[in-house]
$ cat start19.txt   # compact mmCIF, C-alpha atoms and all ligand atoms
# COMPACT_ATOMS: atom_id res chain seq x y z
CA MET A 31 -28.86 -2.17 -45.39
CA ASP A 32 -29.93 -5.81 -45.40
CA ALA A 33 -32.61 -7.46 -43.28
CA ARG A 34 -30.32 -8.62 -40.53
CA LEU A 35 -28.95 -5.12 -40.06
CA ALA A 36 -32.38 -3.54 -40.25
CA ARG A 37 -33.58 -5.55 -37.26
CA ILE A 38 -31.16 -3.69 -35.10
CA ALA A 39 -32.15 -0.73 -32.96
CA PRO A 40 -30.63 2.49 -34.30
CA ALA A 41 -27.52 3.26 -32.31
CA LYS A 42 -26.79 6.72 -31.01
CA ALA A 43 -23.97 8.56 -32.72
CA PRO A 44 -21.46 10.43 -30.54
CA SER A 45 -22.85 13.94 -30.12
CA GLY A 46 -21.68 16.33 -32.78
CA ASN A 47 -20.07 18.89 -30.52
CA SER A 48 -18.08 16.59 -28.23
CA PHE A 49 -15.02 17.00 -30.47
CA ALA A 50 -15.38 20.80 -30.29
CA GLU A 51 -15.56 20.70 -26.50
CA ALA A 52 -12.63 18.33 -26.25
CA VAL A 53 -10.42 20.53 -28.43
CA VAL A 54 -11.40 23.81 -26.78
CA MET A 55 -11.06 22.41 -23.25
CA GLY A 56 -7.91 20.47 -24.03
CA LEU A 57 -6.12 23.46 -25.56
CA ALA A 58 -7.05 25.64 -22.58
CA ARG A 59 -5.15 23.25 -20.32
CA THR A 60 -1.46 23.29 -19.42
CA PRO A 61 0.05 21.20 -20.86
CA LYS A 62 -2.26 21.23 -23.86
CA GLU A 63 -3.90 17.97 -24.89
CA ILE A 64 -6.47 16.43 -27.24
CA ALA A 65 -7.94 13.03 -26.32
CA CYS A 66 -6.86 10.19 -28.61
CA LYS A 67 -10.35 8.91 -29.39
CA TYR A 68 -10.75 11.85 -31.77
CA PHE A 69 -8.13 10.38 -34.07
CA TYR A 70 -10.77 8.11 -35.52
CA ASP A 71 -12.80 10.06 -38.01
CA GLU A 72 -13.11 8.24 -41.33
CA THR A 73 -9.69 9.45 -42.59
CA GLY A 74 -8.15 8.59 -39.23
CA SER A 75 -9.59 5.08 -39.26
CA ARG A 76 -8.20 4.51 -42.74
CA LEU A 77 -4.78 5.90 -41.81
CA PHE A 78 -4.82 3.63 -38.78
CA ASP A 79 -5.43 0.64 -41.04
CA GLN A 80 -2.30 1.68 -42.97
CA ILE A 81 -0.35 1.88 -39.69
CA CYS A 82 -1.38 -1.69 -38.96
CA GLU A 83 0.30 -2.86 -42.18
CA LEU A 84 3.57 -0.92 -41.66
CA PRO A 85 6.77 -2.97 -41.45
CA GLU A 86 7.68 -1.25 -38.16
CA TYR A 87 4.27 -1.78 -36.55
CA TYR A 88 4.71 -5.40 -35.43
CA GLN A 89 1.65 -5.32 -33.14
CA THR A 90 -1.12 -6.06 -35.62
CA ARG A 91 0.58 -8.86 -37.49
CA THR A 92 1.82 -10.48 -34.29
CA GLU A 93 -1.62 -10.35 -32.72
CA ARG A 94 -3.23 -11.69 -35.88
CA ALA A 95 -0.78 -14.60 -36.01
CA LEU A 96 -1.49 -15.40 -32.36
CA LEU A 97 -5.23 -15.30 -32.96
CA GLN A 98 -4.93 -17.51 -35.99
CA ARG A 99 -2.70 -20.01 -34.28
CA HIS A 100 -4.74 -20.29 -31.08
CA ALA A 101 -8.22 -19.80 -32.54
CA PRO A 102 -9.27 -23.42 -31.90
CA GLU A 103 -8.39 -23.15 -28.22
CA ILE A 104 -9.92 -19.69 -27.90
CA ALA A 105 -13.08 -21.00 -29.56
CA ARG A 106 -13.25 -23.80 -27.01
CA LEU A 107 -12.88 -21.34 -24.14
CA MET A 108 -15.57 -19.06 -25.56
CA GLY A 109 -17.92 -21.96 -26.16
CA PRO A 110 -20.65 -22.47 -28.76
CA GLU A 111 -23.51 -20.13 -29.70
CA VAL A 112 -21.96 -16.93 -28.39
CA GLU A 113 -22.53 -13.30 -29.12
CA ILE A 114 -19.17 -11.63 -29.72
CA VAL A 115 -19.04 -8.04 -28.42
CA GLU A 116 -16.02 -6.19 -29.77
CA PHE A 117 -14.88 -2.92 -28.19
CA GLY A 118 -13.21 -0.55 -30.68
CA ALA A 119 -13.80 -2.91 -33.56
CA GLY A 120 -11.91 -1.02 -36.29
CA SER A 121 -11.51 -2.89 -39.58
CA LEU A 122 -13.17 -6.13 -38.29
CA ARG A 123 -10.29 -8.14 -39.74
CA LYS A 124 -9.36 -9.91 -36.52
CA VAL A 125 -12.81 -11.14 -35.58
CA ARG A 126 -12.96 -13.17 -38.79
CA LEU A 127 -10.20 -15.41 -37.45
CA LEU A 128 -12.40 -16.20 -34.46
CA LEU A 129 -15.66 -16.46 -36.35
CA ASP A 130 -14.06 -19.10 -38.56
CA ALA A 131 -13.08 -21.17 -35.51
CA LEU A 132 -16.12 -20.68 -33.25
CA LYS A 133 -18.82 -23.28 -33.06
CA ASN A 134 -22.03 -21.80 -34.40
CA PRO A 135 -21.41 -18.15 -33.43
CA ARG A 136 -24.81 -16.49 -33.21
CA ALA A 137 -24.25 -12.75 -33.20
CA TYR A 138 -21.58 -10.11 -33.54
CA THR A 139 -21.84 -6.70 -31.92
CA PRO A 140 -18.97 -4.45 -33.00
CA VAL A 141 -18.76 -1.19 -31.04
CA ASP A 142 -16.85 1.66 -32.67
CA ILE A 143 -16.76 5.44 -32.50
CA SER A 144 -16.18 5.80 -36.25
CA GLY A 145 -19.72 5.51 -37.63
CA ASP A 146 -19.37 5.72 -41.42
CA TYR A 147 -16.36 3.48 -41.33
CA LEU A 148 -18.16 0.92 -39.16
CA ALA A 149 -21.13 0.84 -41.52
CA ASP A 150 -18.80 0.13 -44.46
CA VAL A 151 -16.87 -2.69 -42.86
CA VAL A 152 -19.97 -4.32 -41.35
CA ARG A 153 -21.58 -4.49 -44.78
CA ALA A 154 -18.56 -6.39 -46.08
CA LEU A 155 -18.55 -8.77 -43.12
CA GLY A 156 -22.26 -9.50 -43.47
CA ALA A 157 -21.73 -10.65 -47.02
CA ASP A 158 -19.14 -13.20 -45.85
CA TYR A 159 -21.08 -14.54 -42.81
CA PRO A 160 -24.67 -14.80 -43.97
CA GLY A 161 -25.91 -16.70 -40.90
CA LEU A 162 -24.64 -14.25 -38.33
CA THR A 163 -26.78 -11.57 -36.66
CA LEU A 164 -24.88 -8.29 -36.92
CA ARG A 165 -25.49 -5.43 -34.57
CA PRO A 166 -23.07 -2.54 -35.16
CA LEU A 167 -23.14 0.03 -32.35
CA VAL A 168 -21.77 3.49 -33.05
CA ALA A 169 -20.66 4.41 -29.57
CA ASP A 170 -17.78 5.60 -27.44
CA PHE A 171 -17.01 2.51 -25.38
CA THR A 172 -15.23 4.65 -22.76
CA LEU A 173 -18.64 6.00 -21.72
CA PRO A 174 -21.21 3.91 -19.87
CA MET A 175 -23.34 2.14 -22.45
CA THR A 176 -25.94 -0.56 -22.51
CA VAL A 177 -25.84 -3.36 -24.99
CA PRO A 178 -29.38 -4.77 -24.90
CA ALA A 179 -29.75 -8.54 -24.98
CA LEU A 180 -30.58 -10.04 -28.35
CA ALA A 181 -33.38 -12.58 -28.73
CA GLY A 182 -32.41 -15.80 -26.98
CA ARG A 183 -30.27 -13.95 -24.38
CA LEU A 184 -27.07 -15.21 -25.92
CA ARG A 185 -24.00 -15.84 -23.84
CA ARG A 186 -21.41 -13.15 -24.53
CA ALA A 187 -17.69 -13.18 -25.15
CA GLY A 188 -15.79 -9.89 -25.40
CA LEU A 189 -13.01 -8.92 -27.77
CA PHE A 190 -10.69 -6.00 -27.07
CA THR A 191 -7.68 -6.14 -29.38
CA GLY A 192 -4.90 -3.94 -30.69
CA SER A 193 -3.57 -3.06 -27.25
CA THR A 194 -6.17 -0.31 -27.11
CA ILE A 195 -6.15 -0.93 -23.34
CA GLY A 196 -2.67 0.67 -23.35
CA ASN A 197 -4.14 3.97 -24.50
CA PHE A 198 -5.71 4.53 -21.07
CA LYS A 199 -4.12 5.50 -17.76
CA PRO A 200 -3.97 2.45 -15.49
CA ASP A 201 -6.82 3.58 -13.22
CA VAL A 202 -9.02 4.41 -16.20
CA ALA A 203 -8.04 1.14 -17.89
CA MET A 204 -9.07 -0.78 -14.81
CA ALA A 205 -12.41 1.01 -14.58
CA LEU A 206 -12.95 0.28 -18.26
CA LEU A 207 -12.26 -3.43 -17.82
CA ARG A 208 -14.65 -3.45 -14.89
CA ARG A 209 -17.36 -1.85 -17.02
CA MET A 210 -16.74 -4.31 -19.87
CA ARG A 211 -17.09 -7.12 -17.40
CA GLY A 212 -20.55 -5.78 -16.56
CA THR A 213 -21.49 -5.50 -20.23
CA LEU A 214 -20.47 -9.11 -20.82
CA ASN A 215 -22.84 -10.44 -18.13
CA GLY A 216 -20.38 -12.97 -16.80
CA GLY A 217 -18.86 -13.83 -20.19
CA GLY A 218 -15.10 -13.74 -20.70
CA LEU A 219 -12.95 -11.12 -22.41
CA LEU A 220 -10.11 -11.67 -24.87
CA VAL A 221 -7.63 -8.78 -24.65
CA GLY A 222 -4.57 -8.02 -26.81
CA VAL A 223 -1.77 -6.31 -24.90
CA ASP A 224 1.53 -4.97 -26.22
CA LEU A 225 4.52 -5.88 -24.05
CA VAL A 226 7.44 -3.94 -22.57
CA LYS A 227 10.49 -4.53 -24.77
CA ASP A 228 13.56 -3.05 -26.48
CA PRO A 229 12.80 0.68 -26.60
CA ARG A 230 14.25 0.94 -30.11
CA ARG A 231 11.65 -1.49 -31.38
CA LEU A 232 8.89 0.48 -29.68
CA HIS A 233 10.23 3.79 -30.91
CA ALA A 234 10.31 2.56 -34.52
CA ALA A 235 6.70 1.35 -34.31
CA TYR A 236 5.44 4.88 -33.60
CA ASN A 237 7.95 6.70 -35.83
CA ASP A 238 7.65 4.87 -39.13
CA ALA A 239 9.85 5.78 -42.06
CA ALA A 240 6.89 6.39 -44.39
CA GLY A 241 5.45 9.01 -42.04
CA ILE A 242 2.00 7.41 -41.77
CA THR A 243 1.92 7.73 -37.98
CA ALA A 244 2.86 11.39 -38.34
CA ALA A 245 0.00 11.86 -40.82
CA PHE A 246 -2.36 10.05 -38.44
CA ASN A 247 -1.36 12.31 -35.56
CA THR A 248 -1.60 15.47 -37.66
CA ASN A 249 -5.00 14.40 -39.01
CA LEU A 250 -6.41 15.58 -35.66
CA LEU A 251 -5.64 19.15 -36.74
CA VAL A 252 -6.98 18.58 -40.25
CA ARG A 253 -10.16 17.20 -38.69
CA ALA A 254 -10.46 20.25 -36.42
CA ASN A 255 -10.11 22.51 -39.44
CA ARG A 256 -12.76 20.64 -41.37
CA GLU A 257 -15.29 19.97 -38.61
CA LEU A 258 -14.78 22.95 -36.33
CA GLY A 259 -13.62 25.62 -38.76
CA ALA A 260 -10.29 25.86 -36.93
CA ASP A 261 -7.29 27.37 -38.69
CA PHE A 262 -4.43 25.04 -37.76
CA ASP A 263 -1.50 24.96 -40.17
CA PRO A 264 -0.75 21.20 -39.98
CA ASP A 265 2.76 21.81 -41.38
CA ALA A 266 3.54 24.03 -38.40
CA PHE A 267 3.28 21.07 -35.99
CA ALA A 268 5.65 18.10 -35.70
CA HIS A 269 4.78 14.53 -34.79
CA TYR A 270 6.89 13.60 -31.77
CA ALA A 271 6.57 10.16 -30.13
CA PRO A 272 9.33 9.24 -27.66
CA TYR A 273 9.32 6.12 -25.48
CA ASN A 274 9.37 6.87 -21.77
CA ALA A 275 11.24 3.81 -20.47
CA LEU A 276 10.56 4.64 -16.84
CA ALA A 277 6.81 4.86 -17.31
CA HIS A 278 6.65 2.04 -19.90
CA ARG A 279 4.83 4.15 -22.44
CA ILE A 280 5.06 5.79 -25.82
CA GLU A 281 4.00 9.41 -25.43
CA MET A 282 2.66 11.13 -28.50
CA TYR A 283 2.67 14.86 -29.12
CA LEU A 284 2.08 17.45 -31.79
CA VAL A 285 4.77 20.06 -31.18
CA SER A 286 4.32 23.62 -32.36
CA LEU A 287 7.27 24.49 -34.61
CA LYS A 288 6.90 28.23 -34.06
CA ARG A 289 5.12 30.84 -32.05
CA GLN A 290 1.62 30.94 -33.46
CA SER A 291 -2.00 31.46 -32.59
CA VAL A 292 -4.89 29.30 -33.71
CA THR A 293 -8.61 29.98 -33.59
CA VAL A 294 -11.04 27.20 -32.76
CA ASP A 295 -14.73 27.86 -32.26
CA ASP A 296 -14.09 31.63 -31.99
CA GLN A 297 -11.50 31.09 -29.28
CA ARG A 298 -7.86 31.99 -29.73
CA PHE A 299 -5.08 29.76 -28.47
CA GLU A 300 -1.44 30.77 -28.27
CA PHE A 301 1.31 28.27 -28.94
CA ALA A 302 4.93 28.93 -27.97
CA GLN A 303 7.70 27.66 -30.21
CA GLY A 304 8.35 24.05 -29.15
CA GLU A 305 5.12 23.77 -27.13
CA PRO A 306 3.63 20.25 -27.18
CA VAL A 307 0.01 19.15 -27.46
CA HIS A 308 -0.27 15.72 -25.87
CA THR A 309 -2.38 13.48 -28.11
CA GLU A 310 -1.85 9.94 -26.84
CA ASP A 311 -0.07 7.51 -24.55
CA SER A 312 0.44 3.87 -25.45
CA ARG A 313 1.32 1.96 -22.31
CA LYS A 314 3.19 -1.33 -22.41
CA TYR A 315 2.62 -4.04 -19.84
CA THR A 316 4.38 -7.17 -18.74
CA ILE A 317 2.27 -10.31 -18.82
CA GLU A 318 2.19 -10.27 -15.02
CA SER A 319 1.36 -6.57 -14.64
CA PHE A 320 -1.57 -6.92 -17.02
CA ARG A 321 -2.92 -10.01 -15.29
CA GLU A 322 -2.76 -8.17 -11.97
CA MET A 323 -4.74 -5.26 -13.34
CA ALA A 324 -7.34 -7.59 -14.86
CA ALA A 325 -7.72 -9.35 -11.53
CA ARG A 326 -8.20 -6.03 -9.75
CA ALA A 327 -10.94 -5.27 -12.29
CA GLY A 328 -12.77 -8.41 -11.16
CA PHE A 329 -11.76 -10.83 -13.94
CA SER A 330 -10.07 -14.19 -13.42
CA PRO A 331 -7.06 -14.19 -15.75
CA ARG A 332 -6.75 -17.64 -17.35
CA ALA A 333 -4.89 -18.50 -20.55
CA VAL A 334 -2.28 -16.20 -22.03
CA TRP A 335 -0.56 -16.58 -25.39
CA THR A 336 2.57 -14.85 -26.62
CA ASP A 337 4.92 -15.09 -29.61
CA PRO A 338 8.49 -16.50 -29.34
CA GLU A 339 9.98 -12.97 -29.22
CA ARG A 340 7.47 -11.97 -26.54
CA LEU A 341 6.45 -8.89 -28.48
CA PHE A 342 2.72 -9.12 -27.84
CA SER A 343 0.27 -11.03 -25.66
CA ILE A 344 -3.33 -12.17 -25.79
CA HIS A 345 -5.16 -12.79 -22.53
CA TRP A 346 -8.31 -14.76 -21.84
CA LEU A 347 -10.04 -13.32 -18.80
CA GLU A 348 -12.99 -15.15 -17.30
CA GLY A 349 -15.88 -12.94 -16.20
N1 LIG A 401 -3.65 0.97 -29.65
C1 LIG A 401 -2.67 1.38 -30.64
C2 LIG A 401 -1.32 1.49 -29.96
O1 LIG A 401 -1.23 2.10 -28.93
C3 LIG A 401 -3.06 2.67 -31.26
C4 LIG A 401 -1.99 3.27 -32.13
C5 LIG A 401 -1.04 2.65 -32.81
C6 LIG A 401 -1.76 4.57 -32.38
N2 LIG A 401 -0.24 3.53 -33.48
C7 LIG A 401 -0.66 4.68 -33.22
C8 LIG A 401 -2.38 5.67 -31.99
C9 LIG A 401 -0.17 5.87 -33.63
C10 LIG A 401 -1.88 6.86 -32.40
C11 LIG A 401 -0.78 6.95 -33.21
O2 LIG A 401 -0.35 0.99 -30.47

$ encode --input "start19.txt" --output "structure tokens"
Amino acid sequence: MDARLARIAPAKAPSGNSFAEAVVMGLARTPKEIACKYFYDETGSRLFDQICELPEYYQTRTERALLQRHAPEIARLMGPEVEIVEFGAGSLRKVRLLLDALKNPRAYTPVDISGDYLADVVRALGADYPGLTLRPLVADFTLPMTVPALAGRLRRAGLFTGSTIGNFKPDVAMALLRRMRGTLNGGGLLVGVDLVKDPRRLHAAYNDAAGITAAFNTNLLVRANRELGADFDPDAFAHYAPYNALAHRIEMYLVSLKRQSVTVDDQRFEFAQGEPVHTEDSRKYTIESFREMAARAGFSPRAVWTDPERLFSIHWLEG
């Protein structure tokens, strides 16, 4: 760890047994479910990076192109000397596009639940931006958290990309935006939001031919086996991700292919043949419906950028 990283207060890791509780409680429910944040162990984060490069997964490359193209304008809106706070930072590839355009960015605070992965990618970023103060926070941004002010009480700008906002129910999403607004102390938030579109395009994005999304989904069970001593047979569950056109969302499940029982943490769970475990939703918005939600969360929606096909949108919300 270099000097700039060492100056940073040690961040709290997500407690070791929260995954165990989530799996045990989620499987006791009807219908069964496992919360999507548990996708992102180190293997999951790396599989997700592969998803982002898939030909069918247009989201990442469209968002990147938008960021690249509008970086000068975004940089003007964010202003000079800011601290960027990124929620669910992932690979840190997108922030580079902004850092290159911003005027004298002072600090970067990436928040991510995937600790080892975050440490790796932050090290690489630090080498490329030697003047920047880096403060990686290993945290679950869905829980209340404090991001202490850095020296100089820098003005903040938030970054929330990848349409992660779509992975929350609308009321939860709104509460989350509200909380982020608090964390940003009056600074604005840049949010990437996937748009409602041709259902075939959406379906393909979550059902790729190479099976990476299926592997990503199934990795939840592999993770439970490794970390919780569970005895899932990953081959006995199918990745199933239909688009619900009425609700504007991809729904993701692991469906039990046979009658089976699984033991997790000394508890036995029965699965019927064809029984689903709900693992994620990915909601799609219209530009207007997202702006409305942001306004209800207390932000003032300002600029919005989209691509010619209107696949994806980036919103600048003033705090
Ligand atoms: N925020 C991303 C999305 O909803 C997350 C994601 C993409 C994802 N592909 C996935 C999550 C596949 C689980 C499985 O698009």

$ residues_near_ligand --input "start19.txt" --ligand "ligand LIG 401 (chain A)" --cutoff "10 Å" --atoms "only C-alpha atoms and all ligand atoms" --output "count of residues only"
52

$ residues_around --input "start19.txt" --residues "Gly304 of chain A" --least-positions-apart "3" --cutoff "7 Å" --atoms "only C-alpha atoms" --output "ChimeraX atom specification"
/A:285-288

$ closest_residue --input "start19.txt" --among "A:Leu127, A:Leu258, A:Val177, A:Leu155" --to "Ala101 of chain A" --atoms "all atoms listed in the file"
A:Leu127

$ atom_distance --input "start19.txt" --atom1 "atom CA of Val168 of chain A" --atom2 "atom CA of Glu116 of chain A"
11.7 Å

$ atom_distance --input "start19.txt" --atom1 "atom CA of Thr139 of chain A" --atom2 "atom CA of Ala254 of chain A"
29.6 Å

$ closest_residue --input "start19.txt" --among "A:Met210, A:Ala275, A:Leu96, A:Val141" --to "Phe342 of chain A" --atoms "only C-alpha atoms"
A:Leu96

$ residues_around --input "start19.txt" --residues "Gly216 of chain A" --least-positions-apart "6" --cutoff "10 Å" --atoms "only C-alpha atoms" --output "PyMOL selection string"
chain A and resi 185-187+210+329+348-349

$ write_last_selection --input "start19.txt" --atoms "C-alpha atoms" --output "PDB file, keeping the file's coordinate frame"
ATOM      1  CA  ARG A 185     -24.000 -15.840 -23.840  1.00  0.00           C
ATOM      2  CA  ARG A 186     -21.410 -13.150 -24.530  1.00  0.00           C
ATOM      3  CA  ALA A 187     -17.690 -13.180 -25.150  1.00  0.00           C
ATOM      4  CA  MET A 210     -16.740  -4.310 -19.870  1.00  0.00           C
ATOM      5  CA  PHE A 329     -11.760 -10.830 -13.940  1.00  0.00           C
ATOM      6  CA  GLU A 348     -12.990 -15.150 -17.300  1.00  0.00           C
ATOM      7  CA  GLY A 349     -15.880 -12.940 -16.200  1.00  0.00           C
TER       8      GLY A 349
END

$ closest_residue --input "start19.txt" --among "A:Glu300, A:Glu257, A:Asp295, A:Asp228" --to "Asn274 of chain A" --atoms "all atoms listed in the file"
A:Asp228

$ closest_residue --input "start19.txt" --among "A:Ile114, A:Pro174, A:Leu225, A:Leu276" --to "Leu207 of chain A" --atoms "only C-alpha atoms"
A:Pro174

$ atom_distance --input "start19.txt" --atom1 "atom CA of Asp263 of chain A" --atom2 "atom CA of Glu86 of chain A"
27.8 Å

$ closest_residue --input "start19.txt" --among "A:Ser48, A:Thr73, A:Thr92, A:Gln297" --to "Arg340 of chain A" --atoms "all atoms listed in the file"
A:Thr92

$ residues_around --input "start19.txt" --residues "segment 50-53 of chain A" --least-positions-apart "2" --cutoff "12 Å" --atoms "all atoms listed in the file" --output "VMD selection string"
chain A and resid 45 to 48 55 to 59 62 to 69 250 to 251 253 to 260 262 292 to 299 307 to 309

$ write_last_selection --input "start19.txt" --atoms "C-alpha atoms" --output "PDB file, keeping the file's coordinate frame"
ATOM      1  CA  SER A  45     -22.850  13.940 -30.120  1.00  0.00           C
ATOM      2  CA  GLY A  46     -21.680  16.330 -32.780  1.00  0.00           C
ATOM      3  CA  ASN A  47     -20.070  18.890 -30.520  1.00  0.00           C
ATOM      4  CA  SER A  48     -18.080  16.590 -28.230  1.00  0.00           C
ATOM      5  CA  MET A  55     -11.060  22.410 -23.250  1.00  0.00           C
ATOM      6  CA  GLY A  56      -7.910  20.470 -24.030  1.00  0.00           C
ATOM      7  CA  LEU A  57      -6.120  23.460 -25.560  1.00  0.00           C
ATOM      8  CA  ALA A  58      -7.050  25.640 -22.580  1.00  0.00           C
ATOM      9  CA  ARG A  59      -5.150  23.250 -20.320  1.00  0.00           C
ATOM     10  CA  LYS A  62      -2.260  21.230 -23.860  1.00  0.00           C
ATOM     11  CA  GLU A  63      -3.900  17.970 -24.890  1.00  0.00           C
ATOM     12  CA  ILE A  64      -6.470  16.430 -27.240  1.00  0.00           C
ATOM     13  CA  ALA A  65      -7.940  13.030 -26.320  1.00  0.00           C
ATOM     14  CA  CYS A  66      -6.860  10.190 -28.610  1.00  0.00           C
ATOM     15  CA  LYS A  67     -10.350   8.910 -29.390  1.00  0.00           C
ATOM     16  CA  TYR A  68     -10.750  11.850 -31.770  1.00  0.00           C
ATOM     17  CA  PHE A  69      -8.130  10.380 -34.070  1.00  0.00           C
ATOM     18  CA  LEU A 250      -6.410  15.580 -35.660  1.00  0.00           C
ATOM     19  CA  LEU A 251      -5.640  19.150 -36.740  1.00  0.00           C
ATOM     20  CA  ARG A 253     -10.160  17.200 -38.690  1.00  0.00           C
ATOM     21  CA  ALA A 254     -10.460  20.250 -36.420  1.00  0.00           C
ATOM     22  CA  ASN A 255     -10.110  22.510 -39.440  1.00  0.00           C
ATOM     23  CA  ARG A 256     -12.760  20.640 -41.370  1.00  0.00           C
ATOM     24  CA  GLU A 257     -15.290  19.970 -38.610  1.00  0.00           C
ATOM     25  CA  LEU A 258     -14.780  22.950 -36.330  1.00  0.00           C
ATOM     26  CA  GLY A 259     -13.620  25.620 -38.760  1.00  0.00           C
ATOM     27  CA  ALA A 260     -10.290  25.860 -36.930  1.00  0.00           C
ATOM     28  CA  PHE A 262      -4.430  25.040 -37.760  1.00  0.00           C
ATOM     29  CA  VAL A 292      -4.890  29.300 -33.710  1.00  0.00           C
ATOM     30  CA  THR A 293      -8.610  29.980 -33.590  1.00  0.00           C
ATOM     31  CA  VAL A 294     -11.040  27.200 -32.760  1.00  0.00           C
ATOM     32  CA  ASP A 295     -14.730  27.860 -32.260  1.00  0.00           C
ATOM     33  CA  ASP A 296     -14.090  31.630 -31.990  1.00  0.00           C
ATOM     34  CA  GLN A 297     -11.500  31.090 -29.280  1.00  0.00           C
ATOM     35  CA  ARG A 298      -7.860  31.990 -29.730  1.00  0.00           C
ATOM     36  CA  PHE A 299      -5.080  29.760 -28.470  1.00  0.00           C
ATOM     37  CA  VAL A 307       0.010  19.150 -27.460  1.00  0.00           C
ATOM     38  CA  HIS A 308      -0.270  15.720 -25.870  1.00  0.00           C
ATOM     39  CA  THR A 309      -2.380  13.480 -28.110  1.00  0.00           C
TER      40      THR A 309
END

$ closest_residue --input "start19.txt" --among "A:Ala277, A:Leu347, A:Leu128, A:Leu122" --to "Leu148 of chain A" --atoms "only C-alpha atoms"
A:Leu122

$ residues_around --input "start19.txt" --residues "Ala325 of chain A" --least-positions-apart "5" --cutoff "12 Å" --atoms "all atoms listed in the file" --output "ChimeraX atom specification"
/A:204-205,207-208,211,318-320,330-332,345-349
